[in-house]
file upload35.cif (mmCIF, C-alpha atoms)
data_my_file
#
loop_
_atom_site.label_atom_id
_atom_site.label_comp_id
_atom_site.auth_asym_id
_atom_site.auth_seq_id
_atom_site.Cartn_x
_atom_site.Cartn_y
_atom_site.Cartn_z
CA MET A 154 0.00 0.00 0.00
CA LYS A 155 1.39 3.41 -1.03
CA LEU A 156 1.37 6.07 1.65
CA ILE A 157 2.56 8.77 -0.77
CA ASN A 158 1.53 8.74 -4.41
CA THR A 159 4.50 9.86 -6.49
CA ASP A 160 2.90 9.11 -9.85
CA GLY A 161 3.28 12.12 -12.08
CA LEU A 162 5.47 13.88 -9.55
CA VAL A 163 7.63 16.52 -11.27
CA LEU A 164 10.67 17.95 -9.49
CA LEU A 165 12.22 19.92 -12.34
CA GLY A 166 10.83 21.71 -15.32
CA PRO A 167 7.18 22.39 -16.13
CA GLY A 168 4.87 21.17 -13.39
CA SER A 169 7.44 21.58 -10.62
CA GLU A 170 6.03 24.92 -9.47
CA TRP A 171 4.57 23.30 -6.36
CA LEU A 172 8.07 22.41 -5.16
CA TRP A 173 9.35 25.97 -5.48
CA PHE A 174 6.23 27.26 -3.77
CA MET A 175 6.84 24.93 -0.82
CA LEU A 176 10.50 25.91 -0.62
CA GLN A 177 9.60 29.62 -0.65
CA PHE A 178 6.97 29.05 2.03
CA ALA A 179 9.50 27.24 4.22
CA ALA A 180 12.05 30.03 3.71
CA LEU A 181 9.49 32.69 4.61
CA THR A 182 8.48 30.75 7.72
CA VAL A 183 12.08 30.50 8.93
CA THR A 184 12.66 34.17 8.16
CA GLY A 185 9.46 35.13 9.99
CA ILE A 186 10.52 33.21 13.08
CA ALA A 187 13.94 34.88 13.02
CA VAL A 188 12.41 38.35 12.62
CA TYR A 189 9.94 37.68 15.45
CA ARG A 190 12.72 36.58 17.78
CA GLN A 191 14.79 39.62 16.85
CA PHE A 192 11.77 41.87 17.44
CA ARG A 193 11.20 40.35 20.87
CA ALA A 194 14.86 40.81 21.77
CA GLN A 195 14.78 44.43 20.59
CA ARG A 196 11.57 45.10 22.50
CA ALA A 197 13.04 43.62 25.67
CA GLY A 198 16.16 45.73 25.20
CA ASN A 199 14.10 48.87 24.61
CA ALA A 200 11.97 48.17 27.69
CA PHE A 201 15.10 47.73 29.80
CA ALA A 202 16.57 50.96 28.44
CA GLN A 203 13.35 52.85 29.14
CA ILE A 204 13.11 51.57 32.70
CA GLN A 205 16.77 52.42 33.23
CA ALA A 206 16.22 55.96 31.92
CA LEU A 207 13.14 56.41 34.11
CA GLU A 208 14.97 55.12 37.18
CA ASP A 209 17.93 57.40 36.44
CA SER A 210 15.50 60.33 36.35
CA TRP A 211 13.47 59.31 39.42
CA TYR A 212 16.55 58.63 41.58
CA SER A 213 18.53 61.61 40.32
CA GLU A 214 19.74 64.17 42.83
CA ARG A 215 17.36 66.72 41.34
CA MET A 216 14.27 64.53 41.77
CA ARG A 217 15.35 63.41 45.22
CA SER A 218 15.69 67.05 46.24
CA ILE A 219 12.23 67.80 44.85
CA ARG A 220 10.68 64.85 46.71
CA LEU A 221 12.43 65.82 49.93
CA ARG A 222 11.23 69.43 49.79
CA LEU A 223 7.73 68.34 48.74
CA ALA A 224 7.44 65.85 51.61
CA GLU A 225 8.57 68.56 54.02
CA ALA A 226 5.99 70.95 52.53
CA LEU A 227 3.20 68.39 52.77
CA LYS A 228 4.13 67.66 56.37
CA GLY A 229 4.56 71.29 57.45
CA GLY A 230 2.30 73.06 54.96
CA THR A 231 4.46 76.19 54.81
CA ASP A 232 6.33 76.03 51.48
CA PRO A 233 4.93 78.60 49.00
CA ASP A 234 6.29 76.49 46.12
CA ALA A 235 4.54 73.28 47.19
CA ASP A 236 2.30 73.29 44.11
CA ILE A 237 5.28 73.51 41.77
CA LEU A 238 7.04 70.69 43.59
CA ALA A 239 3.92 68.51 43.54
CA GLY A 240 3.51 69.21 39.84
CA GLN A 241 7.02 67.86 39.20
CA VAL A 242 6.28 64.57 40.94
CA VAL A 243 2.82 64.20 39.41
CA GLY A 244 4.26 65.05 36.00
CA PHE A 245 6.76 62.21 36.28
CA PHE A 246 3.99 59.70 36.95
CA GLU A 247 1.88 61.19 34.17
CA GLN A 248 4.78 60.53 31.79
CA LEU A 249 5.05 56.97 33.10
CA GLU A 250 1.34 56.36 32.50
CA PHE A 251 1.58 57.84 28.99
CA LEU A 252 4.38 55.42 28.06
CA TYR A 253 2.40 52.53 29.53
CA ARG A 254 -0.86 53.50 27.79
CA ARG A 255 0.89 53.85 24.41
CA GLY A 256 2.39 50.39 24.77
CA TYR A 257 6.01 51.42 25.22
CA LEU A 258 6.08 49.82 28.66
CA ASP A 259 4.23 46.60 29.33
CA ARG A 260 2.66 45.74 32.66
CA GLY A 261 5.22 43.08 33.50
CA VAL A 262 8.08 45.56 33.12
CA LEU A 263 6.43 48.50 34.84
CA PHE A 264 5.00 46.58 37.78
CA SER A 265 7.69 44.02 38.51
CA SER A 266 9.58 43.00 41.60
CA SER A 267 12.83 44.09 39.93
CA ASN A 268 11.93 47.78 40.12
CA ALA A 269 10.01 49.88 42.60
CA PHE A 270 7.68 51.90 40.41
CA GLY A 271 4.55 49.94 41.31
CA VAL A 272 4.96 50.66 45.02
CA GLU A 273 6.24 54.19 44.40
CA VAL A 274 3.13 55.11 42.42
CA ALA A 275 0.83 53.84 45.18
CA ARG A 276 2.90 55.51 47.91
CA TRP A 277 2.91 58.92 46.30
CA TRP A 278 -0.76 58.72 45.33
CA SER A 279 -1.57 58.14 49.00
CA VAL A 280 0.08 61.44 49.97
CA LEU A 281 -0.82 63.48 46.86
CA GLU A 282 -4.41 62.39 46.21
CA GLY A 283 -5.78 65.43 48.04
CA TRP A 284 -3.60 67.75 45.93
CA VAL A 285 -4.76 66.05 42.71
CA ARG A 286 -8.43 66.26 43.75
CA ARG A 287 -8.14 69.98 44.40
CA GLY A 288 -6.59 70.44 40.98
CA GLN A 289 -9.41 68.46 39.36
CA GLU A 290 -12.01 70.61 41.10
CA GLU A 291 -10.31 73.78 39.90
CA PHE A 292 -9.14 72.84 36.41
CA GLY A 293 -11.16 69.77 35.42
CA PRO A 294 -11.00 65.97 35.65
CA GLN A 295 -8.06 65.77 33.25
CA GLU A 296 -5.69 67.13 35.92
CA GLY A 297 -3.63 64.23 37.23
CA ALA A 298 -5.89 61.73 35.45
CA GLY A 299 -2.95 59.69 34.18
CA PHE A 300 -1.44 59.54 37.66
CA GLU A 301 -4.82 58.42 39.02
CA ARG A 302 -5.14 55.65 36.42
CA LEU A 303 -1.60 54.48 37.11
CA ALA A 304 -2.26 54.45 40.86
CA ALA A 305 -5.32 52.24 40.32
CA ARG A 306 -3.22 49.78 38.31
CA ALA A 307 -0.50 49.88 40.97
CA ARG A 308 -3.00 49.01 43.69
CA THR A 309 -4.29 46.09 41.60
CA TRP A 310 -0.73 44.86 41.16
CA MET A 311 -0.11 45.12 44.90
CA VAL A 312 -3.24 43.08 45.66
CA GLU A 313 -2.23 40.42 43.13
CA ASN A 314 1.24 40.19 44.68
CA LYS A 315 -0.03 40.32 48.28
CA VAL A 316 1.72 43.63 48.96
CA PRO A 317 -0.04 45.41 51.86
CA PRO A 318 -1.86 48.61 50.83
CA PHE A 319 -0.92 52.02 52.17
CA ALA A 320 -3.21 53.29 54.91
CA THR A 321 -4.60 56.75 54.24
CA ASP A 322 -5.49 58.03 57.71
CA ALA A 323 -3.77 61.24 58.81
CA GLU A 324 -1.36 59.53 61.22
CA SER A 325 -0.21 57.01 58.60
CA ILE A 326 0.33 59.70 55.99
CA ALA A 327 2.32 61.81 58.46
CA GLY A 328 4.50 58.82 59.25
CA ARG A 329 4.93 58.08 55.55
CA LEU A 330 6.05 61.63 54.85
CA GLU A 331 8.53 61.40 57.71
CA TRP A 332 9.82 58.14 56.22
CA ILE A 333 10.23 59.79 52.80
CA ILE A 334 12.03 62.78 54.32
CA ASP A 335 14.46 60.55 56.17
CA GLY A 336 15.10 58.35 53.12
CA GLN A 337 15.72 61.23 50.74
CA THR A 338 17.93 63.07 53.24
CA ARG A 339 20.12 60.02 53.67
CA ALA A 340 20.26 59.25 49.95
CA LEU A 341 21.25 62.83 49.10
CA ARG A 342 23.96 62.83 51.77
CA ILE A 343 25.42 59.60 50.37
CA GLU A 344 25.39 60.92 46.79
CA ARG A 345 27.13 64.13 47.82
CA GLU A 346 29.73 62.24 49.84
CA ILE A 347 30.47 59.98 46.86
CA ARG A 348 30.80 63.06 44.66
CA GLY A 349 33.22 64.57 47.17
CA ASP A 350 30.99 67.45 48.20
CA VAL A 351 32.47 68.59 51.52
CA SER A 352 29.32 70.57 52.25
CA ALA A 353 27.30 67.36 52.59
CA THR A 354 25.59 67.36 55.95
CA PRO A 355 25.07 64.28 58.13
CA ALA A 356 21.68 62.64 58.01
CA PRO A 357 19.37 63.39 60.92
CA PRO A 358 18.49 60.59 63.33
CA ALA A 359 15.93 58.13 62.01
CA PRO A 360 12.41 59.20 63.02
CA THR A 361 10.32 57.18 65.39
CA VAL A 362 7.38 55.91 63.34
CA PRO A 363 4.17 55.15 65.27
CA ALA A 364 3.14 51.52 65.43
CA SER A 365 -0.02 52.37 63.50
CA VAL A 366 2.10 53.16 60.45
CA ALA A 367 3.15 49.54 60.04
CA ASP A 368 2.48 49.62 56.32
CA GLN A 369 5.80 51.42 55.87
CA SER A 370 7.79 48.43 57.04
CA THR A 371 5.80 45.82 55.16
CA ALA A 372 5.81 47.51 51.75
CA PRO A 373 8.96 47.00 49.61
CA ALA A 374 11.46 49.80 50.11
CA ALA A 375 11.83 52.13 47.17
CA GLU A 376 13.42 55.28 48.47
CA GLY A 377 16.87 53.93 49.31
#
call {"tool": "encode", "arguments": {"input": "upload35.cif", "output": "structure tokens"}}
result
Amino acid sequence: MKLINTDGLVLLGPGSEWLWFMLQFAALTVTGIAVYRQFRAQRAGNAFAQIQALEDSWYSERMRSIRLRLAEALKGGTDPDADILAGQVVGFFEQLEFLYRRGYLDRGVLFSSSNAFGVEVARWWSVLEGWVRRGQEEFGPQEGAGFERLAARARTWMVENKVPPFATDAESIAGRLEWIIDGQTRALRIEREIRGDVSATPAPPAPTVPASVADQSTAPAAEG
């Protein structure tokens, strides 16, 4: 019994077009697989480069100084430039959400255990939500809307990964701001010491955080 009928099979000359079609199809398939793998590698490399650039910006001395002064303003309520400082931080997260929404950053890269943006978004939303809401009342719902959407996704990611949420009562927020102030002060001192800046001042003693602000110790650190 014949499993393959080769009667009338033509490999060369007229009638052999089927063979060349199959060979071309096989070549295109192999090429497509190679291009797909190259595309995936390039996309992974681009995602890594984007995250690296964002982290370089977020942990730069300039942004650390902004976050330090903003946290002090939110805690003391006396800095006349608090709105400008808050706008800088909110603007960073708005940019992050724009990149995510346009598909330049996928969820696995943005909210991963290898970087701290997921927790950072949720942390800063917890202390800046009131500022964003006031802006929305004054200028419209588009103010800080990207930051708000990103914060919602960050909270979902935290639930999925069993990361405790940030409490939003006044005492917890005050403790969180104190934690941010201490972290940024220490980080800036270290950076200036490494740079050889003799004017770098020692970090103040670590603040005593009330027991009710336990969410600070259970959430992954991101301000170091």
call {"tool": "atom_distance", "arguments": {"input": "upload35.cif", "atom1": "atom CA of A:Phe270", "atom2": "atom CA of A:Leu303"}}
result
10.2 Å
call {"tool": "residues_around", "arguments": {"input": "upload35.cif", "residues": "A:Gly244", "least_positions_apart": "6", "cutoff": "12 Å", "atoms": "only C-alpha atoms", "output": "list in words"}}
result
Trp211, Met216, Asp236, Ile237, Leu238, Glu250, Phe251, Val274, Val285, Glu296, Gly297, Ala298, Gly299, Phe300 and Glu301 of chain A
call {"tool": "closest_residue", "arguments": {"input": "upload35.cif", "among": "A:Ala206, A:Val272, A:Leu281, A:Ile347", "to": "A:Leu330", "atoms": "only C-alpha atoms"}}
result
A:Leu281
call {"tool": "closest_residue", "arguments": {"input": "upload35.cif", "among": "A:Ala275, A:Arg286, A:Ile204, A:Leu223", "to": "A:Tyr253", "atoms": "all atoms listed in the file"}}
result
A:Ile204
call {"tool": "closest_residue", "arguments": {"input": "upload35.cif", "among": "A:Arg348, A:Arg222, A:Arg329, A:Arg215", "to": "A:Ser279", "atoms": "all atoms listed in the file"}}
result
A:Arg329
call {"tool": "atom_distance", "arguments": {"input": "upload35.cif", "atom1": "atom CA of A:Arg255", "atom2": "atom CA of A:Gln203"}}
result
13.4 Å
call {"tool": "atom_distance", "arguments": {"input": "upload35.cif", "atom1": "atom CA of A:Glu208", "atom2": "atom CA of A:Ile333"}}
result
17.0 Å
call {"tool": "closest_residue", "arguments": {"input": "upload35.cif", "among": "A:Gly288, A:Pro318, A:Gly336, A:Gly271", "to": "A:Ala304", "atoms": "all atoms listed in the file"}}
result
A:Gly271
call {"tool": "residues_near_point", "arguments": {"input": "upload35.cif", "point": "(4.2, 68.0, 52.6)", "cutoff": "12 Å", "atoms": "all atoms listed in the file", "output": "ChimeraX atom specification"}}
result
/A:219-236,238-239,277,279-281,283-284,326-334
call {"tool": "write_last_selection", "arguments": {"input": "upload35.cif", "atoms": "C-alpha atoms", "output": "compact mmCIF listing (two decimals), in the coordinates of the input"}}
result
# COMPACT_ATOMS: atom_id res chain seq x y z
CA ILE A 219 12.23 67.80 44.85
CA ARG A 220 10.68 64.85 46.71
CA LEU A 221 12.43 65.82 49.93
CA ARG A 222 11.23 69.43 49.79
CA LEU A 223 7.73 68.34 48.74
CA ALA A 224 7.44 65.85 51.61
CA GLU A 225 8.57 68.56 54.02
CA ALA A 226 5.99 70.95 52.53
CA LEU A 227 3.20 68.39 52.77
CA LYS A 228 4.13 67.66 56.37
CA GLY A 229 4.56 71.29 57.45
CA GLY A 230 2.30 73.06 54.96
CA THR A 231 4.46 76.19 54.81
CA ASP A 232 6.33 76.03 51.48
CA PRO A 233 4.93 78.60 49.00
CA ASP A 234 6.29 76.49 46.12
CA ALA A 235 4.54 73.28 47.19
CA ASP A 236 2.30 73.29 44.11
CA LEU A 238 7.04 70.69 43.59
CA ALA A 239 3.92 68.51 43.54
CA TRP A 277 2.91 58.92 46.30
CA SER A 279 -1.57 58.14 49.00
CA VAL A 280 0.08 61.44 49.97
CA LEU A 281 -0.82 63.48 46.86
CA GLY A 283 -5.78 65.43 48.04
CA TRP A 284 -3.60 67.75 45.93
CA ILE A 326 0.33 59.70 55.99
CA ALA A 327 2.32 61.81 58.46
CA GLY A 328 4.50 58.82 59.25
CA ARG A 329 4.93 58.08 55.55
CA LEU A 330 6.05 61.63 54.85
CA GLU A 331 8.53 61.40 57.71
CA TRP A 332 9.82 58.14 56.22
CA ILE A 333 10.23 59.79 52.80
CA ILE A 334 12.03 62.78 54.32
call {"tool": "residues_near_point", "arguments": {"input": "upload35.cif", "point": "(3.6, 46.4, 34.8)", "cutoff": "9 Å", "atoms": "only C-alpha atoms", "output": "CSV table (one decimal) with C-alpha atoms, in the coordinates of the input"}}
result
chain,number,residue,atom,x,y,z
A,253,TYR,CA,2.4,52.5,29.5
A,258,LEU,CA,6.1,49.8,28.7
A,259,ASP,CA,4.2,46.6,29.3
A,260,ARG,CA,2.7,45.7,32.7
A,261,GLY,CA,5.2,43.1,33.5
A,262,VAL,CA,8.1,45.6,33.1
A,263,LEU,CA,6.4,48.5,34.8
A,264,PHE,CA,5.0,46.6,37.8
A,265,SER,CA,7.7,44.0,38.5
A,270,PHE,CA,7.7,51.9,40.4
A,271,GLY,CA,4.6,49.9,41.3
A,306,ARG,CA,-3.2,49.8,38.3
A,307,ALA,CA,-0.5,49.9,41.0
A,310,TRP,CA,-0.7,44.9,41.2
call {"tool": "decode", "arguments": {"input": "upload35.cif", "residues": "stretch 259-307 of chain A", "atoms": "N, CA and C atoms", "output": "compact mmCIF listing (two decimals), in the first residue's frame"}}
result
# COMPACT_ATOMS: atom_id res chain seq x y z
N ASP A 259 5.29 47.55 29.03
CA ASP A 259 4.23 46.60 29.33
C ASP A 259 4.09 46.44 30.84
N ARG A 260 3.00 45.84 31.24
CA ARG A 260 2.66 45.74 32.66
C ARG A 260 3.71 44.96 33.44
N GLY A 261 4.23 43.89 32.81
CA GLY A 261 5.22 43.08 33.50
C GLY A 261 6.51 43.82 33.79
N VAL A 262 6.86 44.77 32.91
CA VAL A 262 8.08 45.56 33.12
C VAL A 262 7.83 46.67 34.13
N LEU A 263 6.71 47.35 33.98
CA LEU A 263 6.43 48.50 34.84
C LEU A 263 6.16 48.08 36.27
N PHE A 264 5.35 47.04 36.44
CA PHE A 264 5.00 46.58 37.78
C PHE A 264 5.67 45.23 38.03
N SER A 265 6.96 45.26 38.26
CA SER A 265 7.69 44.02 38.51
C SER A 265 8.44 44.15 39.81
N SER A 266 8.85 43.00 40.34
CA SER A 266 9.58 43.00 41.60
C SER A 266 11.00 43.51 41.43
N SER A 267 11.46 43.65 40.17
CA SER A 267 12.83 44.09 39.93
C SER A 267 12.97 45.61 39.98
N ASN A 268 11.85 46.33 39.94
CA ASN A 268 11.93 47.78 40.12
C ASN A 268 10.82 48.21 41.07
N ALA A 269 10.89 49.45 41.51
CA ALA A 269 10.01 49.88 42.60
C ALA A 269 8.87 50.78 42.16
N PHE A 270 8.65 50.92 40.85
CA PHE A 270 7.68 51.90 40.41
C PHE A 270 6.26 51.58 40.86
N GLY A 271 5.90 50.29 40.89
CA GLY A 271 4.55 49.94 41.31
C GLY A 271 4.24 50.46 42.70
N VAL A 272 5.14 50.21 43.64
CA VAL A 272 4.96 50.66 45.02
C VAL A 272 5.10 52.17 45.12
N GLU A 273 6.04 52.75 44.36
CA GLU A 273 6.24 54.19 44.40
C GLU A 273 4.99 54.94 43.97
N VAL A 274 4.35 54.46 42.91
CA VAL A 274 3.13 55.11 42.42
C VAL A 274 2.08 55.11 43.52
N ALA A 275 1.85 53.95 44.14
CA ALA A 275 0.83 53.84 45.18
C ALA A 275 1.20 54.70 46.40
N ARG A 276 2.47 54.72 46.75
CA ARG A 276 2.90 55.51 47.91
C ARG A 276 2.64 56.99 47.69
N TRP A 277 3.06 57.49 46.53
CA TRP A 277 2.91 58.92 46.30
C TRP A 277 1.47 59.33 46.03
N TRP A 278 0.67 58.40 45.47
CA TRP A 278 -0.76 58.72 45.33
C TRP A 278 -1.39 58.87 46.70
N SER A 279 -0.97 58.06 47.66
CA SER A 279 -1.57 58.14 49.00
C SER A 279 -1.32 59.48 49.67
N VAL A 280 -0.20 60.15 49.33
CA VAL A 280 0.08 61.44 49.97
C VAL A 280 -0.29 62.62 49.07
N LEU A 281 -0.52 62.38 47.78
CA LEU A 281 -0.82 63.48 46.86
C LEU A 281 -2.25 63.45 46.32
N GLU A 282 -3.05 62.47 46.73
CA GLU A 282 -4.41 62.39 46.21
C GLU A 282 -5.19 63.67 46.48
N GLY A 283 -5.06 64.20 47.71
CA GLY A 283 -5.78 65.43 48.04
C GLY A 283 -5.38 66.58 47.13
N TRP A 284 -4.08 66.69 46.82
CA TRP A 284 -3.60 67.75 45.93
C TRP A 284 -4.18 67.58 44.53
N VAL A 285 -4.21 66.32 44.04
CA VAL A 285 -4.76 66.05 42.71
C VAL A 285 -6.25 66.38 42.69
N ARG A 286 -6.98 66.00 43.72
CA ARG A 286 -8.43 66.26 43.75
C ARG A 286 -8.72 67.76 43.72
N ARG A 287 -7.93 68.53 44.42
CA ARG A 287 -8.14 69.98 44.40
C ARG A 287 -7.89 70.54 43.00
N GLY A 288 -6.87 70.00 42.34
CA GLY A 288 -6.59 70.44 40.98
C GLY A 288 -7.71 70.07 40.02
N GLN A 289 -8.30 68.89 40.22
CA GLN A 289 -9.41 68.46 39.36
C GLN A 289 -10.65 69.33 39.58
N GLU A 290 -10.88 69.73 40.82
CA GLU A 290 -12.01 70.61 41.10
C GLU A 290 -11.82 71.98 40.46
N GLU A 291 -10.59 72.44 40.41
CA GLU A 291 -10.31 73.78 39.90
C GLU A 291 -10.15 73.82 38.39
N PHE A 292 -9.48 72.79 37.83
CA PHE A 292 -9.14 72.84 36.41
C PHE A 292 -9.82 71.77 35.56
N GLY A 293 -10.48 70.80 36.19
CA GLY A 293 -11.16 69.77 35.42
C GLY A 293 -10.61 68.38 35.70
N PRO A 294 -11.37 67.35 35.32
CA PRO A 294 -11.00 65.97 35.65
C PRO A 294 -9.74 65.48 34.95
N GLN A 295 -9.26 66.21 33.95
CA GLN A 295 -8.06 65.77 33.25
C GLN A 295 -6.78 66.00 34.07
N GLU A 296 -6.86 66.85 35.08
CA GLU A 296 -5.69 67.13 35.92
C GLU A 296 -5.31 65.89 36.72
N GLY A 297 -4.11 65.40 36.49
CA GLY A 297 -3.63 64.23 37.23
C GLY A 297 -4.35 62.95 36.89
N ALA A 298 -5.11 62.92 35.78
CA ALA A 298 -5.89 61.73 35.45
C ALA A 298 -5.00 60.53 35.15
N GLY A 299 -3.87 60.78 34.48
CA GLY A 299 -2.95 59.69 34.18
C GLY A 299 -2.35 59.11 35.44
N PHE A 300 -1.97 59.98 36.37
CA PHE A 300 -1.44 59.54 37.66
C PHE A 300 -2.49 58.71 38.40
N GLU A 301 -3.74 59.15 38.35
CA GLU A 301 -4.82 58.42 39.02
C GLU A 301 -5.01 57.03 38.41
N ARG A 302 -4.99 56.95 37.08
CA ARG A 302 -5.14 55.65 36.42
C ARG A 302 -3.97 54.73 36.77
N LEU A 303 -2.77 55.29 36.78
CA LEU A 303 -1.60 54.48 37.11
C LEU A 303 -1.65 53.99 38.55
N ALA A 304 -2.14 54.84 39.45
CA ALA A 304 -2.26 54.45 40.86
C ALA A 304 -3.25 53.30 41.02
N ALA A 305 -4.34 53.33 40.26
CA ALA A 305 -5.32 52.24 40.32
C ALA A 305 -4.69 50.93 39.87
N ARG A 306 -3.89 50.99 38.79
CA ARG A 306 -3.22 49.78 38.31
C ARG A 306 -2.18 49.31 39.32
N ALA A 307 -1.50 50.24 39.96
CA ALA A 307 -0.50 49.88 40.97
C ALA A 307 -1.16 49.16 42.15
